[in-house]
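**Q** Next up is a structure, given as structure tokens.
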Amino acid sequence: MLAAIAVMRPSALWASEQNPDVDAATGTQTSYISGLTLTAVSGGGVPGTTSTSVAAGGLSFGGNPPGAYDPRIDLVSETFNFLTPGTTTVVAAGGQVSRGTLTFNFSRPVVNPRFHFARLGGTGAGAGFTSTFFTSPVGSTWTVVGGTLATASANTVLRPSSNAPSIACGNPATTSGCGTAQLNGTFASIALGIGIGNPTLGAGDLGADGYTLTITVDEDFSDAPTSYGMAGHVNSGLTLGPSLTVDPTLPLTIPNGTAYITPAPAASPVASNNAAGDTDNALGSLAPVGVGTYSLSVPVAGFQSVSGATPQLCGWIDFNRNGSFETAERACANVSGNGNIALNWTIPTGATYVAGESYMRLRVGYTTSQVQNATGLADSGEVEDYPITLLPRVRLTKALVPTSDPGLFNLSVAPASATAVQTNSGTVSNVGHNGTTGWVPVPLSTLITVSETAGTGTSLGSYSSSIACTDRSGANVVLGAAGTTRTFFSLISAPVGPPTTPNTANANLSEISCVATNTRLPTVQAVKVTQNGTGTFSFSGSNGIANHDITTTVAGTGVAGPVQVLTAASTATTLSEGPLPAGYLLGGISCTGLGAGGSATNDLANRSVTLDAAATAPGSAIVCTFTNVAQVADLVISKTNTPLAGDNDQANDTVVRGAATQYTVKVSNNGPVAVTGALVQDTPGAGLNCPAGNTVTCSSATAGACPTTPSPILISHLSAGLALGTLPVGANLSLVFSCTVQ
């Protein structure tokens with residue numbers, strides 16, 4: 001006998017399996033429909049003489065009172081038939097003589113098997129009546145459940161209850177030992193001590209006793225909705241959690257409460273829409289299913305080493321919520337002892353995952369091939385079903401245009417489930433193109449927010465930003481809010497219980513994929529280069545180009561204006577220079593950094609350049625250089641002492657030594673621009689005495705041409721360089737002074 005455990009039994013009817021017909025050849029073996037096998041072995045003497053013998057062929061319980069048996073048994077099944085031999089010696093009243101043993105060997109342990117007897121006891125020989133006594137294995141006891149049976153010796157001996165048992169059972173019941181007794185404990189092998197007993201009050205020899213026996217074992221059934229199929233386990237003491245409560249029955253193959261032989265029940269007698277038919281679940285409420293891996297620690301108790309057994313624990317989660325458990329939804333682990341066993345499921349993505357309320361099944365047993373099937377009978381162990389929630393999931397992915405853009409962004413999906421196994425946090429930081437939160441499990445029927453912020457070194461102002469979401473079918477999800485923060489409601493689950501599968505539209509909401517797209521806006525920058533001068537120049541433009549000025553400080557050296565972020569990419573854009581300062585011309589415009597295939601069209605007359613849509617492609621960094629040239633006036637200077645003969649001195653002209661001569665210096669502006677502040681310098685040559693203090697007279701028909709300072713103008717000023725006033729185009733002035741010829 002193996003170690004016994006306490007097992008609770010409900011007060012109502014329960015589910016049991018009866019052994020089928022024994023083999024006709026020997027009458028010693030039978031196999032239950034669950035795969036459990038049972039062999040009866042006689043021992044301890046000479047069969048038919050000093051020990052009980054097993055009769056081949058078998059007899060049925062036909063004609064026996066159905067109410068004597070609990071649970072009801074199939075009365076027409078051919079069962080074990082035994083013959084306990086009588087005595088040739090006198091046996092005292094109430095005494096018994098050993099008749100060997102009957103050993104019942106099960107292929108797997110069984111808990112509290114029930115023995116159903118017929119025709120126990122008889123008449124004849126000296127004592128007049130005979131009865132077989134059954135002594136339980138050490139440490140176990142009998143409990144009479146129904147019929148005409150009784151116990152003695154502290155419930156260790158079972159016998160007919162009548163002192164004058166009849167030979168056969170009848171309906172209504174007679175005094176024959178017909179009824180049910182439970183052997184309390186957990187057993188793989190049951191060795192009963194057999195005795196031929198004297199049930200009477202007087203002594204005498206005893207006649208032989210022939211009787212029949214069938215044994216039922218209790219079963220535990222699945223309680224998920226019927227679509228998930230029936231799973232049943234013979235109560236072997238190997239349990240999920242600390243104990244097992246055998247399940248009450250509903251109608252099986254024959255009247256209510258009758259143990260079945262074959263076929264197995266098509267539906268579980270305790271199936272329910274909420275998996276609420278079981279009262280001894282090892283686990284409480286289950287954590288919802290998130291993403292990645294679903295891990296579960298399952299307590300297993302009552303483990304025993306069983307020869308030839310391959311104990312295993314398997315579980316199924318209906319990930320696609322189609323109302324059945326499939327091989328792809330299974331996780332298994334070997335069982336080598338008591339304690340917590342880890343099961344790990346890889347949570348699927350795509351169409352094989354449908355969020356909402358679903359079911360999980362756990363099976364443990366000594367036979368792997370049975371436990372690895374989600375349905376059917378098993379010769380040992382236990383099955384438990386649970387409701388479980390599959391959460392919808394949301395993913396936010398970063399897309400950059402162009403994909404080479406170096407921008408970094410922070411992504412968020414909120415709220416992420418706080419209770420899902422293997423949940424993602426819902427946030428990632430500083431990710432670039434194709435960066436993602438991954439699938440984030442979110443609560444059912446909840447307002448979900450997907451958003452982004454700029455990461456390190458990135459400004460959202462440099463991008464055109466948008467967020468769009470699609471369900472699993474590719475259909476757009478209607479979003480609330482705007483810009484870089486968008487909202488929507490997560491899937492609203494179907495109610496618990498069948499039909500558990502939501503409609504297709506809802507199923508597609510199991511996975512919402514969102515993309516935050518940031519398109520790098522093109523930029524335009526003006527660079528100003530001035531030749532022959534410096535100055536301040538104004539710029540303006542379209543598509544978001546702001547008005548701005550650029551001032552040059554060194555001729556020939558470019559000065560860059562502020563970078564202008566365009567409002568829209570791939571849009572024709574114009575950059576224009578304002579009216580030029582006096583004296584400047586626009587010499588040319590050149591642009592670099594255009595988008596692939598783009599072009600820049602110059603309009604020098606209007607001081608502008610037009611960039612086409614291809615030029616302003618996303619990410620383009622365009623630099624346009626405007627070169628302005630300060631115009632140079634054509635100034636002509638002449639000197640003569642014969643002004644009446646022209647502006648230039650005459651050839652072979654002569655002067656008289658010692659005489660004074662008057663010189664005229666003439667400055668003319670031939671254009672194309674007016675000149676202010678031109679310097680005139682005249683240093684007296686050899687042979688002339690031009691005292692520094694002599695006065696120089698300036699005259700011009702153009703007001704402002706002559707300088708206002710110094711006053712008066714002296715030879716010394718002219719020798720050093722005299723700054724003139726403003727000479728418009730075509731204007732001239734004359735400077736007159738006298739020198740002495742030496």
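Going through the structure tokens in order, the chains are called A, B, and so on, while each chain numbers its residues from 1 and the ligands are numbered from 1 in the order shown.
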Might you pull out every residue within 9 Å of Ala731 (chain A), with only C-alpha atoms counted and same-chain residues fewer than 6 positions away left off, and present them as JSON, numbers by chain?
**A** {"A": [667, 668, 669, 670, 674, 700, 701, 702, 705]}
**Q** Quick one: everything within 6 Å of region 564-580 of chain A, counting only C-alpha atoms, minus sequence neighbours fewer than 5 positions away in the same chain. Send it as a list in words.
**A** Leu521, Pro522, Thr523, Val524, Gln525, Ser538, Phe539, Ser540, Gly541, Ser542, Asn543, Gly544, Ile545, Arg607, Ser608, Val609, Thr610, Leu611, Asp612, Ala613, Ala614, Thr616, Ala617 and Pro618 of chain A
**Q** Would you mind telling me which residue in A:Gln18, A:Thr436, A:Asn424, A:Gln631 lies nearest to Ala582 (chain A) when using only C-alpha atoms?
**A** A:Gln631
**Q** Identify, with DSSP run on backbone atoms, the residues in region 34-278 of chain A assigned to strand (DSSP E), and express the list as a VMD selection string.
**A** chain A and resid 37 to 43 53 to 55 80 to 84 96 to 111 114 to 120 122 to 124 128 to 135 141 to 147 149 to 152 157 to 160 177 to 184 186 to 197 209 to 221 231 to 234 239 to 240
**Q** Quick one: residues within 6 Å of region 81-92 of chain A, only C-alpha atoms, excluding same-chain residues fewer than 3 positions away - as a list in words?
**A**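 These residues fall inside the cut-off: Gly48, Thr49, Thr52, Ser53, Val54, Ala55, Gly58, Gly95, Ala203, Gly204, Asp205, Leu206, Gly207, Ala208, Asp209, Gly210, Tyr211 and Thr212 of chain A.
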**Q** Take the selection from the previous step and output its residues with C-alpha atoms, as a compact mmCIF listing (two decimals), in the first residue's frame.
**A**
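File written: result_13.txt
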```txt
# COMPACT_ATOMS: atom_id res chain seq x y z
CA GLY A 48 -9.92 -23.83 -4.65
CA THR A 49 -8.61 -25.67 -1.58
CA THR A 52 -9.56 -18.06 -3.12
CA SER A 53 -9.64 -18.77 -6.84
CA VAL A 54 -10.44 -16.55 -9.77
CA ALA A 55 -13.07 -17.92 -12.13
CA GLY A 58 -17.40 -13.89 -15.67
CA GLY A 95 -14.89 -17.17 13.35
CA ALA A 203 -20.35 -23.69 15.27
CA GLY A 204 -20.04 -25.84 12.18
CA ASP A 205 -18.10 -26.47 9.05
CA LEU A 206 -18.52 -23.98 6.21
CA GLY A 207 -19.46 -24.28 2.56
CA ALA A 208 -17.72 -22.47 -0.28
CA ASP A 209 -18.72 -18.90 -1.21
CA GLY A 210 -18.85 -17.71 -4.82
CA TYR A 211 -19.31 -13.99 -5.48
CA THR A 212 -18.71 -11.25 -8.02
```
**Q** Quick one: everything within 7 Å of Val270 (chain A), counting only C-alpha atoms, minus sequence neighbours fewer than 2 positions away in the same chain. Send it as number ranges by chain.
**A** A: 221-223, 268, 272, 277
**Q** Between A:Asn641, A:Thr536, A:Thr186, A:Ser473, which is the closest to Ser236 (chain A) once you count only C-alpha atoms?
**A**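 The closest residue to Ser236 (chain A) is A:Thr186.
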**Q** Among region 358-391 of chain A, which ones does DSSP place in helix (DSSP H, G or I), written as a PyMOL selection string?
**A** chain A and resi 368-371
**Q** Next, dump the selected residues to file, keeping only C-alpha atoms, as a PDB file, in the first residue's frame.
**A**
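This went into result15.pdb:
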```
ATOM      1  CA  THR A 368       2.630  11.777 -20.723  1.00  0.00           C
ATOM      2  CA  SER A 369       0.746  10.741 -23.851  1.00  0.00           C
ATOM      3  CA  GLN A 370      -2.569  11.410 -22.110  1.00  0.00           C
ATOM      4  CA  VAL A 371      -1.571  14.639 -20.380  1.00  0.00           C
TER       5      VAL A 371
END
```
**Q** Please, what distance in Å, to one decimal, runs between CA of Leu604 (chain A) and CA of Pro581 (chain A)?
**A** 15.6 Å
**Q** Residues at most 7 Å from Asp647 (chain A), counting only C-alpha atoms, excluding those fewer than 5 positions away in the same chain, as a ChimeraX atom specification?
**A** /A:638-640
**Q** Next, dump the selected residues to file, keeping only C-alpha atoms, as an mmCIF file, in the first residue's frame.
**A**
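Result saved to part-v8.cif:
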```cif
data_model
loop_
_atom_site.group_PDB
_atom_site.id
_atom_site.type_symbol
_atom_site.label_atom_id
_atom_site.label_comp_id
_atom_site.auth_asym_id
_atom_site.auth_seq_id
_atom_site.Cartn_x
_atom_site.Cartn_y
_atom_site.Cartn_z
ATOM 1 C CA SER A 638 43.767 117.043 -65.219
ATOM 2 C CA LYS A 639 46.221 119.917 -64.543
ATOM 3 C CA THR A 640 47.160 122.874 -66.713
#
```
**Q** What's around Val527 (chain A) at 8 Å? Count only C-alpha atoms, leave out sequence neighbours fewer than 4 positions away in its own chain, and write the answer as an MDAnalysis selection string.
**A** chainID A and resid 558:561 623:626
**Q** For Ala686 (chain A), work out the shell of residues within 12 Å, counting only C-alpha atoms and skipping chain neighbours fewer than 6 positions away, then give it as a list of chain:residue names.
**A**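 Selected residues are A:Cys739, A:Thr740, A:Val741, A:Gln742.
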**Q** Could you tell me how far CA of Ala259 (chain A) sits from CA of Arg114 (chain A), in Å to one decimal place?
**A**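 Between these atoms lies a distance of 11.0 Å.
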**Q** Per residue of region 76-154 of chain A within 8 Å of region 67-71 of chain A, what are the shortest atom pair and its distance in Å to one decimal, counting only C-alpha atoms, with rows by chain and residue number, as a tab-separated table?
**A**
```
residue	atom	partner	partner_atom	distance
A:His116	CA	A:Tyr69	CA	6.7
A:Val145	CA	A:Asp70	CA	6.6
A:Gly146	CA	A:Ala68	CA	5.3
A:Gly147	CA	A:Ala68	CA	4.2
A:Thr148	CA	A:Ala68	CA	7.6
```
**Q** Grab the residues selected above and save them as a compact mmCIF listing (two decimals), in the first residue's frame with C-alpha atoms.
**A**
```txt
# COMPACT_ATOMS: atom_id res chain seq x y z
CA HIS A 116 -19.17 -3.42 -5.42
CA VAL A 145 -21.52 3.02 1.42
CA GLY A 146 -24.61 1.05 0.50
CA GLY A 147 -26.33 -2.37 0.52
CA THR A 148 -26.14 -5.30 2.95
```
**Q** Let me make sure I understand: among A:Thr726, A:Thr530, A:Thr389, A:Ser16, which one has the smallest atom-to-atom distance to Glu357 (chain A) if we use only C-alpha atoms?
**A** A:Thr389
**Q** Could you check which of A:Ser324, A:Lys528, A:Ser459, A:Gly337 is closest to Thr557 (chain A), using only C-alpha atoms?
**A** A:Lys528
